[in-house]
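Novice: Got work-v6.cif for you, mmCIF, C-alpha atoms:
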```
data_protein
#
loop_
_atom_site.label_atom_id
_atom_site.label_comp_id
_atom_site.auth_asym_id
_atom_site.auth_seq_id
_atom_site.Cartn_x
_atom_site.Cartn_y
_atom_site.Cartn_z
CA MET A 152 -12.53 9.08 -63.73
CA ARG A 153 -9.48 8.57 -61.51
CA MET A 154 -10.07 12.00 -59.90
CA ILE A 155 -13.36 10.84 -58.44
CA ASN A 156 -11.84 7.65 -57.06
CA ASN A 157 -8.92 9.57 -55.54
CA ALA A 158 -11.23 12.14 -53.97
CA LEU A 159 -13.52 9.41 -52.69
CA THR A 160 -10.62 7.75 -50.84
CA GLY A 161 -9.75 11.19 -49.45
CA THR A 162 -13.25 11.78 -48.09
CA GLN A 163 -13.32 8.31 -46.56
CA ALA A 164 -9.94 8.86 -44.90
CA ALA A 165 -11.07 12.27 -43.64
CA GLN A 166 -14.23 10.71 -42.24
CA VAL A 167 -12.20 8.12 -40.30
CA ALA A 168 -9.99 10.92 -38.96
CA LEU A 169 -13.02 12.98 -37.93
CA ASN A 170 -14.54 9.95 -36.18
CA THR A 171 -11.25 9.37 -34.33
CA ALA A 172 -11.03 13.01 -33.21
CA SER A 173 -14.64 12.90 -32.00
CA GLN A 174 -13.89 9.73 -30.04
CA ASN A 175 -10.95 11.46 -28.37
CA ILE A 176 -13.04 14.51 -27.47
CA ALA A 177 -15.88 12.33 -26.16
CA ASN A 178 -13.38 10.63 -23.78
CA LEU A 179 -11.67 13.82 -22.70
CA LYS A 180 -12.50 13.10 -19.03
CA THR A 181 -12.45 9.29 -19.15
CA PRO A 182 -9.84 8.01 -16.63
CA GLY A 183 -7.06 6.01 -18.29
CA TYR A 184 -8.24 6.72 -21.84
CA SER A 185 -5.37 6.79 -24.37
CA ARG A 186 -5.91 9.08 -27.33
CA GLN A 187 -6.00 7.65 -30.85
CA GLY A 188 -4.84 9.02 -34.16
CA VAL A 189 -5.01 8.02 -37.81
CA VAL A 190 -1.99 7.10 -39.92
CA PHE A 191 -2.49 7.92 -43.63
CA ALA A 192 -0.72 6.03 -46.45
CA THR A 193 -0.80 6.82 -50.17
CA GLN A 194 -2.19 4.22 -52.53
CA LEU A 195 0.57 3.70 -55.08
CA PRO A 196 -0.15 3.37 -58.83
CA GLY A 197 -0.09 -0.09 -60.36
CA THR A 198 2.63 -1.40 -62.65
CA GLY A 199 2.51 -0.47 -66.34
CA ASP A 200 0.84 2.87 -65.57
CA PRO A 201 3.66 5.45 -65.74
CA ASN A 202 1.35 8.44 -66.11
CA SER A 203 -0.67 7.74 -62.93
CA ALA A 204 0.12 9.83 -59.85
CA GLY A 205 -1.50 7.24 -57.60
CA TYR A 206 -4.80 5.83 -56.50
CA GLY A 207 -5.56 8.14 -53.58
CA VAL A 208 -5.11 7.58 -49.86
CA ASN A 209 -6.07 5.02 -47.28
CA VAL A 210 -5.95 4.78 -43.47
CA ALA A 211 -3.04 2.48 -42.68
CA GLU A 212 -4.12 2.19 -39.04
CA VAL A 213 -5.87 3.91 -36.19
CA ARG A 214 -3.01 4.13 -33.72
CA ARG A 215 -3.33 4.15 -29.93
CA PHE A 216 -0.81 6.54 -28.38
CA SER A 217 0.68 4.68 -25.45
CA ASP A 218 4.23 4.66 -24.09
CA ASP A 219 5.09 1.39 -22.32
CA TYR A 220 7.96 3.02 -20.44
CA LYS A 221 5.72 5.79 -19.07
CA ASN A 222 3.13 3.20 -18.13
CA LEU A 223 5.81 1.30 -16.24
CA LEU A 224 6.92 4.43 -14.37
CA GLN A 225 3.31 5.14 -13.43
CA TRP A 226 2.77 1.61 -12.13
CA GLN A 227 5.98 1.66 -10.12
CA ALA A 228 5.06 5.01 -8.60
CA GLY A 229 1.63 3.64 -7.73
CA SER A 230 3.22 0.68 -5.94
CA GLN A 231 5.46 2.95 -3.87
CA LEU A 232 2.55 5.22 -3.00
CA GLY A 233 0.39 2.26 -2.01
CA GLU A 234 3.15 0.82 0.16
CA GLN A 235 3.66 4.02 2.16
CA SER A 236 -0.01 5.00 2.39
CA ALA A 237 -1.07 1.57 3.73
CA ALA A 238 1.11 1.96 6.82
CA ARG A 239 0.40 5.65 7.47
CA PRO A 240 -2.86 5.27 9.49
CA TYR A 241 -1.27 2.68 11.75
CA PHE A 242 1.78 4.86 12.39
CA SER A 243 -0.48 7.82 13.24
CA GLN A 244 -2.63 5.82 15.64
CA LEU A 245 0.38 4.26 17.35
CA GLU A 246 2.08 7.63 17.81
CA GLN A 247 -1.09 9.15 19.21
CA VAL A 248 -1.71 6.31 21.67
CA MET A 249 1.88 5.82 22.84
CA GLY A 250 2.48 9.56 23.12
CA SER A 251 -0.70 10.28 25.10
CA GLN A 252 -0.28 11.15 28.77
CA GLY A 253 -3.23 8.96 29.63
CA SER A 254 -1.70 5.81 28.15
CA SER A 255 2.03 6.52 28.42
CA LEU A 256 4.00 3.85 30.23
CA SER A 257 6.63 6.45 31.15
CA VAL A 258 4.02 8.40 33.10
CA GLY A 259 2.88 5.16 34.75
CA PHE A 260 6.45 4.26 35.73
CA ASP A 261 7.04 7.74 37.12
CA LYS A 262 3.88 7.61 39.24
CA PHE A 263 4.63 4.12 40.51
CA PHE A 264 8.19 4.91 41.55
CA ALA A 265 7.07 8.28 42.94
CA ALA A 266 4.67 6.36 45.19
CA LEU A 267 7.55 4.13 46.30
CA ASN A 268 9.62 7.22 47.10
CA ALA A 269 6.75 8.65 49.10
CA ALA A 270 6.41 5.36 50.97
CA SER A 271 10.07 5.56 51.93
CA LEU A 272 9.32 8.76 53.84
CA ASP A 273 6.18 7.49 55.48
CA SER A 274 5.79 3.79 54.71
CA ASN A 275 2.83 3.24 57.00
CA THR A 276 0.44 5.73 55.40
CA MET A 277 1.62 5.68 51.76
CA ARG A 278 1.55 1.95 51.14
CA ASP A 279 -2.00 2.13 49.76
CA GLN A 280 -0.82 4.60 47.14
CA VAL A 281 1.84 2.13 45.99
CA VAL A 282 -0.80 -0.57 45.45
CA ARG A 283 -3.09 1.85 43.58
CA GLU A 284 -0.32 3.07 41.27
CA ALA A 285 0.75 -0.52 40.63
CA GLY A 286 -2.80 -1.28 39.47
CA ALA A 287 -2.86 1.87 37.32
CA LEU A 288 0.48 0.96 35.74
CA ALA A 289 -0.78 -2.56 34.97
CA GLN A 290 -3.87 -1.06 33.34
CA ARG A 291 -1.69 1.18 31.16
CA PHE A 292 0.18 -1.92 29.98
CA ASN A 293 -3.09 -3.70 29.23
CA ASN A 294 -4.59 -0.73 27.37
CA LEU A 295 -1.52 -0.32 25.19
CA HIS A 296 -1.27 -4.04 24.55
CA GLY A 297 -4.95 -4.04 23.57
CA VAL A 298 -4.38 -1.28 21.00
CA LEU A 299 -1.41 -3.15 19.55
CA THR A 300 -3.28 -6.45 19.23
CA SER A 301 -6.25 -4.58 17.71
CA GLN A 302 -3.89 -3.22 15.06
CA LEU A 303 -2.73 -6.77 14.35
CA ALA A 304 -6.33 -7.84 13.79
CA ALA A 305 -7.05 -4.79 11.61
CA ILE A 306 -3.98 -5.46 9.45
CA ALA A 307 -5.02 -9.09 9.01
CA GLU A 308 -8.49 -7.99 7.92
CA GLN A 309 -7.12 -5.35 5.55
CA ARG A 310 -4.64 -7.87 4.14
CA ASN A 311 -7.45 -10.29 3.32
CA ALA A 312 -9.41 -7.49 1.64
CA THR A 313 -6.32 -6.56 -0.38
CA LEU A 314 -5.84 -10.18 -1.47
CA THR A 315 -9.49 -10.28 -2.60
CA GLN A 316 -8.96 -7.15 -4.69
CA MET A 317 -5.79 -8.63 -6.17
CA ASN A 318 -7.57 -11.83 -7.13
CA SER A 319 -10.36 -9.81 -8.75
CA ALA A 320 -7.90 -7.63 -10.71
CA ALA A 321 -5.93 -10.70 -11.85
CA ALA A 322 -9.13 -12.42 -13.01
CA ASN A 323 -10.14 -9.31 -14.97
CA LEU A 324 -6.71 -9.17 -16.58
CA GLY A 325 -6.99 -12.80 -17.67
CA LYS A 326 -10.37 -12.13 -19.32
CA LEU A 327 -9.08 -8.97 -21.01
CA ASN A 328 -6.06 -10.85 -22.36
CA GLU A 329 -8.40 -13.43 -23.85
CA LYS A 330 -10.61 -10.77 -25.47
CA LEU A 331 -7.62 -8.82 -26.78
CA ILE A 332 -5.97 -11.80 -28.39
CA ALA A 333 -9.24 -12.79 -30.10
CA ALA A 334 -10.00 -9.22 -31.25
CA ARG A 335 -6.52 -8.68 -32.65
CA ALA A 336 -6.74 -11.94 -34.59
CA GLN A 337 -9.96 -10.64 -36.18
CA GLY A 338 -8.44 -7.25 -37.04
CA ILE A 339 -10.65 -5.31 -34.58
CA ASN A 340 -9.44 -2.07 -32.99
CA THR A 341 -8.39 -3.10 -29.45
CA SER A 342 -7.65 0.37 -28.04
CA GLY A 343 -10.56 0.31 -25.59
CA LEU A 344 -9.63 -3.14 -24.31
CA GLU A 345 -5.98 -2.12 -23.94
CA ASP A 346 -7.00 0.97 -21.95
CA GLU A 347 -9.09 -1.15 -19.61
CA ARG A 348 -6.25 -3.64 -19.21
CA ASP A 349 -3.80 -0.88 -18.33
CA ARG A 350 -6.26 0.47 -15.76
CA GLN A 351 -6.51 -2.97 -14.19
CA ILE A 352 -2.72 -3.29 -14.10
CA ASP A 353 -2.48 0.14 -12.48
CA GLN A 354 -5.02 -0.90 -9.83
CA LEU A 355 -3.14 -4.16 -9.24
CA ALA A 356 0.20 -2.31 -9.02
CA SER A 357 -1.15 -0.12 -6.20
CA LEU A 358 -1.90 -3.32 -4.26
CA VAL A 359 1.38 -5.15 -4.98
CA GLU A 360 4.43 -4.34 -7.11
CA VAL A 361 4.32 -6.22 -10.40
CA ARG A 362 6.39 -6.88 -13.51
CA VAL A 363 4.62 -6.76 -16.90
CA VAL A 364 5.84 -8.47 -20.07
CA ALA A 365 4.06 -7.93 -23.42
CA GLN A 366 3.49 -11.01 -25.58
CA PRO A 367 3.55 -11.23 -29.43
CA ASP A 368 -0.13 -12.22 -29.56
CA GLY A 369 -1.20 -9.02 -27.78
CA GLY A 370 -1.49 -10.47 -24.27
CA LYS A 371 0.46 -9.28 -21.24
CA ASN A 372 1.92 -11.54 -18.56
CA VAL A 373 2.06 -10.19 -15.01
CA THR A 374 4.35 -11.49 -12.27
CA LEU A 375 5.31 -10.48 -8.74
CA THR A 376 8.78 -9.04 -8.16
CA ASN A 377 9.90 -12.44 -6.85
CA GLY A 378 8.99 -14.01 -10.20
CA LEU A 379 5.83 -15.83 -9.12
CA PRO A 380 3.14 -15.60 -11.84
CA LEU A 381 -0.09 -13.69 -11.40
CA VAL A 382 -1.40 -13.64 -14.98
CA ALA A 383 -0.17 -15.60 -18.01
CA GLY A 384 -2.50 -15.20 -20.97
CA ASP A 385 -5.95 -16.09 -19.68
CA SER A 386 -4.56 -18.15 -16.76
CA VAL A 387 -4.57 -16.40 -13.38
CA ALA A 388 -3.24 -17.10 -9.90
CA THR A 389 -5.20 -17.09 -6.65
CA LEU A 390 -3.71 -15.60 -3.47
CA SER A 391 -4.69 -16.37 0.11
CA SER A 392 -3.42 -15.93 3.66
CA GLU A 393 -3.13 -18.56 6.39
CA THR A 394 -2.76 -17.87 10.11
CA GLN A 395 0.28 -19.57 11.65
CA PRO A 396 0.51 -20.95 15.22
CA ASP A 397 2.40 -17.83 16.37
CA GLY A 398 -0.37 -15.59 15.02
CA SER A 399 1.56 -14.40 11.96
CA GLN A 400 0.14 -14.61 8.44
CA GLN A 401 1.61 -16.81 5.70
CA LEU A 402 0.82 -15.83 2.11
CA LYS A 403 -0.02 -18.57 -0.37
CA LEU A 404 -0.21 -18.43 -4.18
CA ALA A 405 -1.88 -21.08 -6.33
CA PHE A 406 -1.33 -21.08 -10.10
CA GLY A 407 -2.87 -23.98 -11.96
CA THR A 408 -1.79 -27.12 -10.14
CA GLU A 409 1.22 -25.43 -8.55
CA LYS A 410 1.15 -23.94 -5.04
CA TYR A 411 3.75 -21.57 -3.63
CA THR A 412 4.54 -20.14 -0.20
CA MET A 413 5.35 -16.44 -0.42
CA GLN A 414 7.62 -14.34 1.75
CA GLY A 415 5.83 -11.32 3.18
CA GLY A 416 8.59 -8.76 2.72
CA GLN A 417 9.58 -6.74 -0.35
CA LEU A 418 6.23 -7.19 -2.10
CA GLY A 419 5.56 -3.49 -2.59
CA GLY A 420 2.14 -1.90 -2.89
CA GLN A 421 -0.44 -1.92 -0.10
CA LEU A 422 0.18 -5.60 0.62
CA GLY A 423 3.91 -5.02 1.07
CA GLY A 424 3.29 -1.92 3.19
CA LEU A 425 1.02 -3.79 5.57
CA ASN A 426 3.43 -6.71 5.89
CA GLN A 427 6.41 -4.43 6.41
CA PHE A 428 4.68 -2.39 9.12
CA GLU A 429 3.58 -5.53 10.93
CA THR A 430 7.01 -7.18 10.70
CA ASP A 431 9.31 -4.20 11.24
CA MET A 432 7.27 -2.07 13.64
CA LEU A 433 4.12 -3.55 15.18
CA ARG A 434 5.33 -6.99 16.26
CA PRO A 435 8.64 -5.64 17.67
CA VAL A 436 6.70 -3.05 19.71
CA ILE A 437 4.38 -5.78 21.01
CA ASP A 438 7.42 -7.86 22.02
CA GLN A 439 8.98 -4.81 23.70
CA VAL A 440 5.82 -4.06 25.69
CA ARG A 441 5.61 -7.70 26.78
CA THR A 442 9.29 -7.67 27.73
CA LEU A 443 8.81 -4.51 29.79
CA ALA A 444 5.77 -5.95 31.57
CA GLY A 445 7.56 -9.22 32.26
CA GLU A 446 10.73 -7.51 33.51
CA LEU A 447 8.73 -5.16 35.74
CA ALA A 448 6.77 -8.02 37.29
CA ASN A 449 9.83 -10.22 37.73
CA LYS A 450 12.09 -7.53 39.21
CA VAL A 451 9.49 -6.10 41.59
CA ASN A 452 8.24 -9.52 42.75
CA THR A 453 11.79 -10.84 43.19
CA GLN A 454 12.80 -7.82 45.26
CA LEU A 455 9.64 -7.91 47.36
CA ALA A 456 10.33 -11.58 48.15
CA LYS A 457 13.64 -10.50 49.70
CA GLY A 458 11.86 -8.21 52.17
CA PHE A 459 9.35 -8.51 54.99
CA ASP A 460 5.89 -7.07 55.51
CA MET A 461 4.45 -5.23 58.52
CA LYS A 462 3.98 -8.54 60.35
CA GLY A 463 7.52 -9.74 59.73
CA GLN A 464 6.38 -12.21 57.09
CA PRO A 465 8.26 -12.65 53.75
CA GLY A 466 7.07 -10.24 51.06
CA LYS A 467 4.48 -11.45 48.59
CA PRO A 468 4.35 -10.78 44.82
CA LEU A 469 2.65 -7.60 43.62
CA PHE A 470 2.28 -8.36 39.88
CA VAL A 471 1.13 -11.28 37.74
CA PHE A 472 2.44 -11.36 34.18
CA ASP A 473 0.93 -13.59 31.47
CA ALA A 474 1.64 -12.74 27.83
CA GLY A 475 -1.12 -15.06 26.62
CA ALA A 476 -3.82 -14.13 29.13
CA ALA A 477 -7.15 -13.10 27.64
CA HIS A 478 -8.01 -10.76 30.53
CA GLY A 479 -4.82 -8.70 30.40
CA LEU A 480 -1.09 -8.75 29.98
CA LEU A 481 -0.29 -7.54 33.50
CA GLN A 482 -2.37 -7.74 36.67
CA THR A 483 -1.88 -7.03 40.34
CA THR A 484 -2.26 -9.91 42.75
CA GLY A 485 -4.67 -8.12 45.07
CA LEU A 486 -1.91 -7.71 47.61
CA GLN A 487 -2.84 -5.62 50.67
CA ALA A 488 -0.74 -2.62 51.55
CA ALA A 489 0.40 -4.16 54.83
CA ASP A 490 1.74 -7.21 52.99
CA LEU A 491 4.27 -5.25 50.92
CA GLY A 492 7.75 -6.50 51.78
CA PHE A 493 9.45 -3.14 52.23
CA SER A 494 11.45 -4.00 55.34
CA GLY A 495 14.93 -5.44 55.16
CA ASP A 496 14.62 -6.88 58.66
CA LYS A 497 11.73 -9.04 59.76
CA ASP A 498 12.10 -7.78 63.32
CA LYS A 499 11.88 -4.14 62.24
CA PRO A 500 8.66 -3.56 60.25
CA GLY A 501 9.46 0.13 59.78
CA ASN A 502 12.82 -0.59 58.17
CA ASN A 503 12.84 0.56 54.53
CA ASP A 504 16.06 -1.06 53.32
CA ASN A 505 14.25 -3.33 50.84
CA LEU A 506 12.04 -0.45 49.73
CA GLN A 507 15.19 1.45 48.73
CA GLN A 508 16.20 -1.54 46.59
CA LEU A 509 12.76 -1.44 44.94
CA ILE A 510 13.23 2.25 44.12
CA ALA A 511 16.65 1.48 42.59
CA LEU A 512 15.01 -0.95 40.13
CA LYS A 513 14.11 2.01 37.92
CA GLN A 514 17.77 2.47 37.05
CA GLN A 515 18.51 -1.21 36.39
CA THR A 516 19.18 -2.08 32.76
CA LEU A 517 17.52 -4.74 30.66
CA PRO A 518 17.96 -5.92 27.06
CA LEU A 519 15.19 -4.65 24.78
CA ALA A 520 15.02 -6.14 21.27
CA GLY A 521 15.68 -3.56 18.57
CA ILE A 522 16.96 -0.99 21.08
CA GLY A 523 19.66 -2.60 23.24
CA GLN A 524 20.46 -2.18 26.92
CA VAL A 525 18.21 0.41 28.57
CA THR A 526 17.05 1.19 32.07
CA LEU A 527 13.54 0.25 33.13
CA GLY A 528 12.68 3.94 33.45
CA ASP A 529 14.05 4.95 30.04
CA ALA A 530 12.89 1.94 28.01
CA TYR A 531 9.53 3.40 27.00
CA SER A 532 11.08 6.73 25.99
CA GLN A 533 13.48 4.85 23.73
CA MET A 534 10.53 2.99 22.18
CA ILE A 535 8.74 6.29 21.52
CA GLY A 536 11.88 7.69 19.91
CA HIS A 537 12.25 4.72 17.56
CA LEU A 538 8.57 4.94 16.64
CA ALA A 539 8.83 8.68 15.94
CA ILE A 540 11.83 8.18 13.64
CA ALA A 541 10.13 5.36 11.72
CA SER A 542 6.90 7.36 11.43
CA GLN A 543 8.71 10.42 10.12
CA GLN A 544 10.55 8.31 7.57
CA ASN A 545 7.21 6.87 6.44
CA LYS A 546 5.64 10.33 6.16
CA SER A 547 8.59 11.67 4.16
CA ALA A 548 8.51 8.62 1.88
CA LEU A 549 4.75 9.05 1.44
CA ASP A 550 5.14 12.70 0.45
CA THR A 551 7.91 11.82 -1.98
CA SER A 552 5.89 8.94 -3.45
CA GLY A 553 2.94 11.26 -3.97
CA VAL A 554 5.09 13.72 -5.90
CA ILE A 555 6.63 10.95 -8.01
CA ARG A 556 3.20 9.50 -8.80
CA ALA A 557 1.84 12.92 -9.80
CA GLU A 558 4.84 13.49 -12.07
CA ALA A 559 4.43 10.03 -13.62
CA GLU A 560 0.76 10.75 -14.34
CA LYS A 561 1.71 14.09 -15.87
CA ASN A 562 4.28 12.41 -18.13
CA TRP A 563 1.73 9.78 -19.17
CA GLN A 564 -0.81 12.52 -19.91
CA SER A 565 1.66 14.34 -22.14
CA SER A 566 1.83 11.43 -24.56
CA ALA A 567 -1.35 9.41 -24.07
CA GLY A 568 -3.80 11.96 -22.72
CA VAL A 569 -6.29 13.89 -24.85
CA ASN A 570 -5.37 17.51 -25.55
CA ARG A 571 -8.55 19.52 -26.11
CA ASP A 572 -6.88 22.23 -28.20
CA GLU A 573 -5.07 19.72 -30.37
CA GLU A 574 -8.26 17.81 -31.09
CA ALA A 575 -10.08 21.04 -31.92
CA VAL A 576 -7.41 21.84 -34.51
CA ASN A 577 -7.66 18.28 -35.87
CA LEU A 578 -11.39 18.68 -36.33
CA ILE A 579 -10.91 21.82 -38.39
CA GLU A 580 -8.10 20.31 -40.48
CA PHE A 581 -9.92 17.07 -41.24
CA GLN A 582 -13.09 19.01 -41.99
CA LYS A 583 -11.12 21.03 -44.54
CA MET A 584 -9.66 17.81 -45.96
CA PHE A 585 -13.16 16.37 -46.34
CA GLN A 586 -14.49 19.54 -47.99
CA ALA A 587 -11.49 19.77 -50.35
CA ASN A 588 -12.02 16.21 -51.54
CA MET A 589 -15.73 16.89 -52.03
CA LYS A 590 -14.71 19.89 -54.15
CA VAL A 591 -12.50 17.59 -56.26
CA ILE A 592 -15.50 15.31 -56.80
CA SER A 593 -17.58 18.33 -57.83
CA VAL A 594 -14.93 19.49 -60.32
CA ALA A 595 -14.62 15.96 -61.69
CA ASN A 596 -18.39 15.85 -62.22
CA GLN A 597 -18.32 19.15 -64.07
CA LEU A 598 -15.51 17.93 -66.32
CA PHE A 599 -17.38 14.70 -66.94
CA GLU A 600 -20.56 16.58 -67.88
CA SER A 601 -18.59 18.92 -70.17
CA THR A 602 -17.06 15.92 -71.93
CA LEU A 603 -20.47 14.35 -72.41
CA ALA A 604 -21.82 17.64 -73.83
CA ILE A 605 -19.01 17.77 -76.44
CA LEU A 606 -19.72 14.18 -77.49
#
```
Here is a file; write its structure as structure tokens.

Specialist:
Amino acid sequence: MRMINNALTGTQAAQVALNTASQNIANLKTPGYSRQGVVFATQLPGTGDPNSAGYGVNVAEVRRFSDDYKNLLQWQAGSQLGEQSAARPYFSQLEQVMGSQGSSLSVGFDKFFAALNAASLDSNTMRDQVVREAGALAQRFNNLHGVLTSQLAAIAEQRNATLTQMNSAAANLGKLNEKLIAARAQGINTSGLEDERDRQIDQLASLVEVRVVAQPDGGKNVTLTNGLPLVAGDSVATLSSETQPDGSQQLKLAFGTEKYTMQGGQLGGQLGGLNQFETDMLRPVIDQVRTLAGELANKVNTQLAKGFDMKGQPGKPLFVFDAGAAHGLLQTTGLQAADLGFSGDKDKPGNNDNLQQLIALKQQTLPLAGIGQVTLGDAYSQMIGHLAIASQQNKSALDTSGVIRAEAEKNWQSSAGVNRDEEAVNLIEFQKMFQANMKVISVANQLFESTLAIL
């Protein structure tokens, strides 16, 4: 009887729906899982059968609920969050070190020039203090320079780790593309593979900003924002970093037989955040510290050479500056206090005319890259101010990125996430559908038995 066949298709469809709902509930807490739902379609009657209502129902497809636009918003938000969060620890450390009284160059300058002022009142007994404060100031320069170069090394190490993660994610995406294309060709449900692929893209997007293009065969091609390919079908790129003669890092991308040199800026994600911090903040600060050390050594040594020491001999240099020295950026020469060329007259050892010129050096201006013309005494304060502004901008951007990412995840959850209450209702409804169709089969059996009894 047609009733039995119709009801049988109904029970089968209800069973598929119940299985789908149970799968959704089982993955209620699975990260990145996209809920699935059944799409029913009536089985139409055949031609030449005008009195047939139809041949029951079938499951047209088990649909994966996923919104490509919401996925894109989530990936973009992840890239922005990764970019800001990568630089945050370095900003915090740099602010803490540069703002500390113990390592502040401003404090060192103040103490050094205060010792010079004291020597102008009693040059014979305070000369030792000048030498000691010069050594302390040089040590402050070296300590700060050491922290800055350590950050450079840490960024290089973190960049290499990020590139390794990117290569791993790209390789996984290539394998998933291959599996998806094969599964779709065989008519297999690919929802689980697509979820895993989207999770890999999300992980990759947090490392570097990407562009994703869906292909007709079910694969997805992934490129960088500059158009260089990362994944095309099952083919993947390999990224690496090479150290240049000036110590900077050059990014390389190899795809098949092609090799590309990448620009470090505007990459987005953690990789872009690291490169941007190094280029826009860390290296300029290193150059500024080296400039300050070099200017201090040059100005003080030049002025001392114009004076005479306690024996009437020409003044000797106090500082040694070497930007490439392994032992320290700035050192004192070991000059004795009596050899300081404070006098402006070789016949008058107690004359402090040249010492007054040394004290005036604090108010001399010098060009500082990224800041402009500043006095020797104010240069470090200007550097701290620029750092504070950049750090606050990074913190504000990080907070904003966090909010945007949370909102993007919420929007994704509203369409692709599993709703426990909705699935509970589906279970009840599909259970009723199954039971109703079983009742139809029971009624059909009774009618069939009654017909047989009459015959």

Novice: Quick check on the file I pasted: which residues fall under the PyMOL selection byres ((chain A and resi 155) around 10)? Write them as a ChimeraX atom specification.

Specialist: /A:152-154,156-161,207,588-589,591-596

Novice: Can you tell me how far CA of Asn545 in chain A sits from CA of Arg239 in chain A, in Å to one decimal?

Specialist: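 Computing it gives 7.0 Å between the two atoms.
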
Novice: Could you spell out the hits of the PyMOL selection byres ((chain A and resi 522) around 10) on the shown file, as a ChimeraX atom specification?

Specialist: /A:439,518-521,523-525,530,533-534,537

Novice: I'd like the neighbourhood of Ser391 in chain A as a VMD selection string, where a residue qualifies if any of its atoms comes within 12 Å (using only C-alpha atoms), though same-chain residues fewer than 5 positions away should be ignored.

Specialist: chain A and resid 307 310 to 318 400 to 406 410 to 413 422

Novice: Step by step, work through what the PyMOL selection byres ((chain A and resi 446) around 12) selects in the shown file, and finish by giving those residues as an NGL selection string.

Specialist: :A and (438-445 or 447-454 or 470-474 or 481 or 512-513 or 515-519 or 525-528 or 530)
